[in-house]
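Down below is the structure, laid out as C-alpha cells.
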Amino acid sequence: MTGDDTAPSEPDVRPRRWRVARRRLLIGAGATVGSLLVGVPIALEYGRPSLARWMLERGTGPAEVPESSLVWFELTGDGITVHVPKIEMGQGIHTALAQVAAEELRVRPEQLAVVQADTARGFPAATLFTFGSTSVASLYTPIREAAAAVREMLAIEAARQLNVEPPELTAAEGAFQVAGTDRVLAYVDVIAAHQGPWQEPGERPALRPAGEFTSIGRSAPRVDFRAKVLGEATYGYDARLPGMGYGAFAVPPRFGARLESAEPGDVAGMPGVLQVVIDVEAGFAGVVADTRTRAWAAARALRTTWSEGTRVDTGALEQQVTAGDGVVLRRDGSIRDALSRGRIVQAEYRTPMAAHAHLEPLAALAAVEPGPDGTIELWVPTQSPESVLEDVRAALGEEREVVVHVTQLGGSFGRKGGQHLAVEAARLSAATGRPVHVGWTRDTDLRQAFYRPPTHTKMRGSVGPDGMIRGVEQVSAAGDIIWAVAGLPEPVRSLIGFDPGGLLGLFLPYDLPAYRLVNRREQLPVPTGPWRGLGLMPNTFALESFFDELAEAAGTDPLTYRLAHLRESGEQGERLRTVLRTAAQMAGWHESLPAGRGRGIACSGDARTVVAVVAEVDLSGGRLRVTGVDVAVDCGLVVNPAGAKLQAQGSVVMGLSSALREELRIQDGQVVSDNFDSYPILAMADTPPVRVTFVGGGEVPYGMGEPVVGPVPAAVANAVRAAGGPRLRSLPLRL
Amino acid sequence: MRLLINGRHHDVEHGDEPLLWVLRDELGLTGTRYGCGVGICGCCTVLLAGRPTRSCQITAAEVGERSVVTLEGLAERGPDGQVVALHPVQQAFVETPLQCGWCLPGHVLTAVALLARDPDPDEATIAEAASPNLCRCGGYNTIKAAVARAAELAREA
C-alpha cells in the first residue's frame with residue numbers, strides 16, 4: 001500500500017486573464033468567486049530565468065519587464081496567500097518574505113499563507129531560479145509595493161461596504177477599524193462580501209516607514225517548521241502518487257562514458273520488476289519496480305556497455321588547474337615596479353574539489369499522461385524549475401504541457417539548480433503508464449554529481465620600508481562554474497577566458513598602489529559547477545591567507561594591517577573596517593592566549609554583504625581543533641534576525657567543513673569519495689560555538705545565503721599560523 | 001507480518017526490506033528519511049523499543065515485536081488523528097528551528113531518548129548524544145540549544 005499524500009493536481013486558480021494596471025501592478029480576475037489576485041513583476045536583474053543570459057545581458061540588456069516573474073497575492077474568503085517565486089530549501093526565505101508582506105498588509109505573519117509559486121498556479125514559469133543570495137533582496141521591495149496595493153484595494157472596498165471614506169479606516173492585524181468607533185471589518189469578510197470589479201488605488205500606496213515596523217526586523221517563527229517536526233512536510237524524496245512505481249537507471253562507470261548498448265538480461269524476471277525501459281539512442285536504460293531497493297538492484301543488473309570515458313584522477317585534475325596564463329582582469333599601477341623593490345613575499349594556494357552533500361539525495365516524481373501529447377506533471381526538489389521544464393520538454397516533446405511542482409528541498413547548496421532526475425522519472429512514467437518516483441542512492445548521488453572545481457592561486461607581493469603593501473600580483477586558475485552549467489558554446493566561453501562564477505571573491509578589497517590580477521578558467525573532463533558562494537570561498541582562502549603572510553612579513557598585527565589598507569576604498573572599505581573591528585572585539589582579539597592556541601581573522605564581500613570572521617584554534621596534542629568562531633556581518637537590513645543568524649552559523653559550519661574535512665577524490669575517472677565515511681563532513685563534535693553579530697542596518701536587505709562561508713577557511717588557516725603552527729596553503733588544512 | 005509502529009499494528013508485506021523503506025514506501029511514513037544507507041548520517045533514525053536506531057540498518061523482520069516510534073508518532077493526537085500537542089522536543093525545534101529539516105528524525109528522536117533517561121542533561125551530555133547525527137545545513141549550535149530548551153519544556157509540562 002502506498003500513501004497518497006501528494007495531491008495529484010491542485011484546482012486550477014489561474015486567472016483567465018491579467019490586465020496591466022497602473023504602476024506595473026497586474027490584476028487578475030480569479031477563477032474562484034470572490035477572489036482577488038494581485039501580482040507584481042520582479043526587477044529584470046532578478047527576473048531573467050537563465051543565469052547565463054543574466055550574466056551576459058546584465059547592464060546591457062533591454063529594460064522590459066520579464067513576462068513571467070511575479071510575486072502575487074491571492075485573496076479569498078479563507079484568507080490571504082502569497083505566492084512567492086523563490087524556492088525554500090532551508091534558508092528561511094518564505095518566513096522572511098511573509099514578514100515583509102505582513103508588514104504592508106497590516107497582518108501578523110502567521111495570518112498569511114506563503115506558498116511556493118509553481119507552473120500550475122499562475123504563469124508558465126512562475127518560479128525563478130534561486131541563486132546568488134538574491135531571494136529576499138530581490139523580492140523585498142516588490143512584495144512591499146504589492147502588499148501595500150492590496151491593502152489599499154481592500155480599504156477602498158471596505159470603506160464602500162462600511163459606507164465610510166477610506167481615510168477613516170485604520171488597518172491592523174488583518175482587519176479595518178473605522179476611526180473613533182468600534183466598527184471592525186476583517187479582510188476575509190471584505191473579500192467574501194465583495195462583488196464586481198475591484199477598484200485600484202488612485203495613487204502609489206504609502207509604504208510604512210522603517211521606524212514603525214512591527215514585523216520586519218524581528219525574529220519570527222519559521223512558517224514551514226511545524227510541518228517539518230511532525231514529519232508532514234513533503235520533500236522531493238517523499239513525493240508520491242497512488243499506483244506509483246519506483247524507478248532506477250544505469251549510470252556510467254566513469255565520467256564521460258556514454259551508453260553503447262543495453263540488454264535487459266534476466267532483469268525482467270527479477271522480483272518486483274514491472275518493466276525494463278531501454279533507449280540506447282537516448283543513452284537511457286532503466287527499470288520500474290514495486291519497491292525502491294528492488295528497482296536499484298534491477299538497474300545494477302542491467303547488461304550495459306559504455307564508451308571509455310575519462311580515466312582521470314584527482315592529481316591530474318589539479319595539475320590541469322595550474323595558474324599561469326589567463327585574462328588580465330585588473331591592472332592598477334605598475335606591478336613590475338612594485339615587485340622590483342621591497343620585501344617580496346610569494347605563496348601558492350590550492351583548494352580541492354568538493355561535493356554539496358545535501359542530506360536529501362536527488363529525487364523526482366513524474367506522472368505522464370498517455371499519448372505523445374500527454375501532460376507531464378512533476379514534483380521535483382529544485383532550485384530551478386525552469387530548467388526542469390526545459391529539460392523534460394527537450395527529452396519528451398517540446399509541445400507537451402509540463403507542470404512543475406516544487407517540493408521542499410532537503411538542502412541544495414547549488415546542486416539542485418542544474419541537476420535533477422525529472423527527465424529520467426518522466427521517461428519511465430511515459431513508458432510504463434504509471435507515476436514513477438526516482439531517488440538516488442547516496443553513492444550514486446555523490447558519484448554522478450557536479451562538484452566545486454579545484455582552484456590554484458599564485459600570489460606575489462611586496463612590502464615597502466614603511467611596512468605598507470607596494471603591490472600584489474595574483475594569478476589564478478579554476479575549473480568552470482557557470483560555464484559548466486550555462487548553455488553557451490565553448491568557443492564563446494574560450495573567448496571570454498574566465499568564468500563569471502569564479503569572479504566571486506576574486507578581487508582583493510584593499511588599497512594597493514599596484515595590483516595585477518590574472519585569471520583563467522579550465523574546462524575539466526569531470527563535471528564542475530556552482531557550490532555555495534561559487535568562487536567566493538576558494539578565492540577568499542587564497543587572498544586572505546596571503547594578506548596575513550604580508551602582515552607577517554611587515555611584522556604587523558593582521559587586524560591592524562587590514563584596517564590600515566582599507567582607508568581609501570570608500571564605503572566598502574568602511575563597511576569592511578566595521579565588521580573587522582566588530583568580529584575582533586567579539587573574539588577578544590587583543591587578549592593573549594596560552595601557547596598552542598591562536599586567533600585568525602579574514603573578511604570578504606559578496607552579494608553586497610560584507611563579513612569578517614575570527615576563528616580561534618587549539619593545536620595542543622598536534623591536532624587542529626577550532627574552539628570558537630566570531631562573525632560580524634553587514635547584510636543591510638536584517639528582516640529576520642533569527643533566520644539570518646542560522647544562515648550565518650550554517651555557513652560557518654560549512655566553511656569549517658571545507659577547511660577541516662572535505663576533499664572529493666577521483667580515481668580512474670570515477671568518484672571514490674562516495675559516502676560519508678570516505679567523504680566526511682563536519683559533525684557536531686568538531687563544531688565550536690559560533691557567535692554572530694549583525695552590524696550595518698540600512699534601507700534594504702542584502703544577500704545572506706552565501707557570503708558568510710567566504711572567510712571561514714582563511715580565518716582558520718591564519719589562526720593556525722598565529723598559534724605557532726605552520727602556514728597551511730591548501731584545503732583541507734592538515735598540520 | 002505485523003509491526004507495532006507509533007502505537008498501532010500495521011501489516012507489512014516486505015519483511016526482508018530495510019525498515020526504512022517499509023516505513024516510507026509501504027506505510028507512507030515519510031518522516032523517516034534516507035540519507036546515506038550505511039548508518040552514518042542518522043536521517044533514518046527511529047526509536048526501536050525506546051532506543052535511537054538506524055532504520056536503514058535493520059530489516060522489518062528483524063524488528064519483530066519491538067515497538068517502533070517515528071517522527072510522526074511523537075505528537076499527542078486526538079481521536080481524529082489531529083495534533084493536540086507537540087512533543088516537547090518538537091515544540092523546542094519549532095521555537096528553535098533548523099534550516100532544511102531533512103535531518104530532523106535523527107536529532108529529534110535522539111533527543112527524545114536522551115530526555116527519557118536524563119531529564120536535565122548538561123551541554124556535554126546533549127552534545128555526546130546528538131553527535132552521531134549529521135546536519136549539512138550546519139545547525140549544530142542550534143540543535144544543542146533546542147535540546148536544552150526541550151528539557152526545560154518537558155520539566156514544565
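Just remember, in the C-alpha cells the first chain shown is A, the second B, etc., residues are 1-based per chain, and ligands are 1-based in the order shown.
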(request) Would you list, as a ChimeraX atom specification, the residues of stretch 39-137 of chain B that end up in strand (DSSP E or B) under DSSP run on this structure's backbone? (result) /B:45-48,51-54,59,67-69,76-77,83-85
Residues just named, written with N, CA and C atoms as a short mmCIF file (atom, residue, chain, number, x, y, z; two decimals), in the first residue's frame:
```
data_model
loop_
_atom_site.label_atom_id
_atom_site.label_comp_id
_atom_site.auth_asym_id
_atom_site.auth_seq_id
_atom_site.Cartn_x
_atom_site.Cartn_y
_atom_site.Cartn_z
N THR B 45 16.76 7.71 11.59
CA THR B 45 16.61 7.27 12.98
C THR B 45 15.13 7.07 13.36
N VAL B 46 14.88 5.95 14.03
CA VAL B 46 13.59 5.71 14.69
C VAL B 46 13.90 5.29 16.12
N LEU B 47 12.90 5.27 16.97
CA LEU B 47 13.09 4.68 18.29
C LEU B 47 12.62 3.24 18.21
N LEU B 48 13.54 2.32 18.50
CA LEU B 48 13.21 0.90 18.50
C LEU B 48 13.26 0.46 19.95
N ARG B 51 15.05 3.00 21.91
CA ARG B 51 16.44 3.37 21.62
C ARG B 51 16.58 3.91 20.21
N PRO B 52 17.35 5.00 20.05
CA PRO B 52 17.57 5.53 18.70
C PRO B 52 18.27 4.49 17.84
N THR B 53 17.69 4.18 16.70
CA THR B 53 18.18 3.10 15.85
C THR B 53 18.14 3.54 14.40
N ARG B 54 19.17 3.17 13.65
CA ARG B 54 19.22 3.49 12.22
C ARG B 54 18.32 2.52 11.46
N THR B 59 16.26 -4.93 9.05
CA THR B 59 15.09 -5.25 8.22
C THR B 59 13.82 -5.19 9.07
N SER B 67 8.55 -2.22 19.67
CA SER B 67 7.80 -1.04 19.21
C SER B 67 8.72 -0.10 18.42
N VAL B 68 8.14 0.51 17.41
CA VAL B 68 8.85 1.49 16.60
C VAL B 68 8.14 2.84 16.75
N VAL B 69 8.92 3.89 17.01
CA VAL B 69 8.35 5.23 17.04
C VAL B 69 9.08 6.07 16.01
N GLU B 76 1.02 14.40 20.57
CA GLU B 76 -0.21 13.89 21.17
C GLU B 76 -1.35 14.18 20.19
N ARG B 77 -2.13 13.16 19.88
CA ARG B 77 -3.18 13.33 18.88
C ARG B 77 -4.54 12.99 19.45
N VAL B 83 -3.40 16.75 15.62
CA VAL B 83 -2.42 17.01 16.67
C VAL B 83 -3.04 17.87 17.77
N VAL B 84 -2.97 17.35 18.99
CA VAL B 84 -3.45 18.09 20.15
C VAL B 84 -2.30 18.89 20.75
N ALA B 85 -1.14 18.24 20.86
CA ALA B 85 0.04 18.94 21.41
C ALA B 85 1.29 18.32 20.83
#
```
Which residues of chain A sit at most 8 Å from chain B, using only C-alpha atoms? Give each one's shortest atom pair and distance in Å (one decimal place), in chain and ascending residue order, as JSON lines.
```
{"residue": "A:Met1", "atom": "CA", "partner": "B:Glu26", "partner_atom": "CA", "distance": 5.3}
{"residue": "A:Thr2", "atom": "CA", "partner": "B:Glu26", "partner_atom": "CA", "distance": 5.4}
{"residue": "A:Gly3", "atom": "CA", "partner": "B:Gly28", "partner_atom": "CA", "distance": 4.5}
{"residue": "A:Asp4", "atom": "CA", "partner": "B:Gly28", "partner_atom": "CA", "distance": 7.7}
{"residue": "A:Met89", "atom": "CA", "partner": "B:Cys100", "partner_atom": "CA", "distance": 5.6}
{"residue": "A:Gly90", "atom": "CA", "partner": "B:Cys100", "partner_atom": "CA", "distance": 3.6}
{"residue": "A:Gln91", "atom": "CA", "partner": "B:Gln99", "partner_atom": "CA", "distance": 6.0}
{"residue": "A:Gly92", "atom": "CA", "partner": "B:Gln99", "partner_atom": "CA", "distance": 6.8}
{"residue": "A:Pro221", "atom": "CA", "partner": "B:Glu95", "partner_atom": "CA", "distance": 6.6}
{"residue": "A:Arg222", "atom": "CA", "partner": "B:Pro97", "partner_atom": "CA", "distance": 7.1}
{"residue": "A:Phe225", "atom": "CA", "partner": "B:Val94", "partner_atom": "CA", "distance": 5.8}
{"residue": "A:Arg226", "atom": "CA", "partner": "B:Val94", "partner_atom": "CA", "distance": 5.9}
{"residue": "A:Lys228", "atom": "CA", "partner": "B:Gly101", "partner_atom": "CA", "distance": 6.4}
{"residue": "A:Val229", "atom": "CA", "partner": "B:Gln90", "partner_atom": "CA", "distance": 5.6}
{"residue": "A:Leu230", "atom": "CA", "partner": "B:Glu72", "partner_atom": "CA", "distance": 5.4}
{"residue": "A:Gly231", "atom": "CA", "partner": "B:Gly31", "partner_atom": "CA", "distance": 3.9}
{"residue": "A:Glu232", "atom": "CA", "partner": "B:Gly31", "partner_atom": "CA", "distance": 6.5}
{"residue": "A:Ala233", "atom": "CA", "partner": "B:Gly31", "partner_atom": "CA", "distance": 7.9}
{"residue": "A:Asp238", "atom": "CA", "partner": "B:Thr30", "partner_atom": "CA", "distance": 5.8}
{"residue": "A:Thr291", "atom": "CA", "partner": "B:Asp25", "partner_atom": "CA", "distance": 7.5}
{"residue": "A:Arg292", "atom": "CA", "partner": "B:Trp21", "partner_atom": "CA", "distance": 7.5}
{"residue": "A:Thr293", "atom": "CA", "partner": "B:Glu17", "partner_atom": "CA", "distance": 7.6}
{"residue": "A:Ala357", "atom": "CA", "partner": "B:Arg136", "partner_atom": "CA", "distance": 7.3}
{"residue": "A:His358", "atom": "CA", "partner": "B:Arg136", "partner_atom": "CA", "distance": 6.1}
{"residue": "A:Leu359", "atom": "CA", "partner": "B:Gly35", "partner_atom": "CA", "distance": 5.3}
{"residue": "A:Glu360", "atom": "CA", "partner": "B:Gly35", "partner_atom": "CA", "distance": 5.9}
{"residue": "A:Pro361", "atom": "CA", "partner": "B:Gly35", "partner_atom": "CA", "distance": 6.9}
{"residue": "A:Leu409", "atom": "CA", "partner": "B:Cys100", "partner_atom": "CA", "distance": 6.7}
{"residue": "A:Gly410", "atom": "CA", "partner": "B:Trp102", "partner_atom": "CA", "distance": 5.0}
{"residue": "A:Gly411", "atom": "CA", "partner": "B:Cys100", "partner_atom": "CA", "distance": 5.6}
{"residue": "A:Thr441", "atom": "CA", "partner": "B:Cys36", "partner_atom": "CA", "distance": 7.3}
{"residue": "A:Arg442", "atom": "CA", "partner": "B:Cys36", "partner_atom": "CA", "distance": 5.1}
{"residue": "A:Asp443", "atom": "CA", "partner": "B:Cys36", "partner_atom": "CA", "distance": 7.8}
{"residue": "A:Leu646", "atom": "CA", "partner": "B:Gly139", "partner_atom": "CA", "distance": 7.0}
{"residue": "A:Gln649", "atom": "CA", "partner": "B:Gly138", "partner_atom": "CA", "distance": 6.8}
{"residue": "A:Gly650", "atom": "CA", "partner": "B:Gly138", "partner_atom": "CA", "distance": 4.1}
{"residue": "A:Ser651", "atom": "CA", "partner": "B:Gly138", "partner_atom": "CA", "distance": 7.1}
{"residue": "A:Val652", "atom": "CA", "partner": "B:Gly138", "partner_atom": "CA", "distance": 7.7}
{"residue": "A:Val653", "atom": "CA", "partner": "B:Gly138", "partner_atom": "CA", "distance": 5.0}
{"residue": "A:Met654", "atom": "CA", "partner": "B:Gly138", "partner_atom": "CA", "distance": 6.3}
{"residue": "A:Asn675", "atom": "CA", "partner": "B:Cys36", "partner_atom": "CA", "distance": 6.7}
{"residue": "A:Phe676", "atom": "CA", "partner": "B:Ile40", "partner_atom": "CA", "distance": 6.7}
{"residue": "A:Asp677", "atom": "CA", "partner": "B:Ile40", "partner_atom": "CA", "distance": 7.6}
{"residue": "A:Ile681", "atom": "CA", "partner": "B:Arg136", "partner_atom": "CA", "distance": 7.6}
{"residue": "A:Leu682", "atom": "CA", "partner": "B:Leu134", "partner_atom": "CA", "distance": 7.9}
{"residue": "A:Ala683", "atom": "CA", "partner": "B:Leu134", "partner_atom": "CA", "distance": 5.8}
{"residue": "A:Met684", "atom": "CA", "partner": "B:Ser131", "partner_atom": "CA", "distance": 5.0}
{"residue": "A:Ala685", "atom": "CA", "partner": "B:Ser131", "partner_atom": "CA", "distance": 5.6}
{"residue": "A:Thr687", "atom": "CA", "partner": "B:Tyr140", "partner_atom": "CA", "distance": 7.0}
{"residue": "A:Pro688", "atom": "CA", "partner": "B:Asn141", "partner_atom": "CA", "distance": 7.9}
{"residue": "A:Pro689", "atom": "CA", "partner": "B:Asn141", "partner_atom": "CA", "distance": 6.4}
{"residue": "A:Val690", "atom": "CA", "partner": "B:Asn141", "partner_atom": "CA", "distance": 7.2}
```
(request) Write out as a ChimeraX atom specification the residues lying within 9 Å of A:Leu508, counting only C-alpha atoms and excluding same-chain residues fewer than 3 positions away. (result) /A:505,511-512,515,540,543-544,604
(request) Pick out the closest residue to B:His9 from this set: B:Gly81, B:Gly64, B:Pro121, B:Gly50. Count only C-alpha atoms. (result) B:Gly64
(request) Quick one: everything within 9 Å of A:Ala172, counting only C-alpha atoms, minus sequence neighbours fewer than 2 positions away in the same chain. Send it as a ChimeraX atom specification. (result) /A:105-108,170,174-177
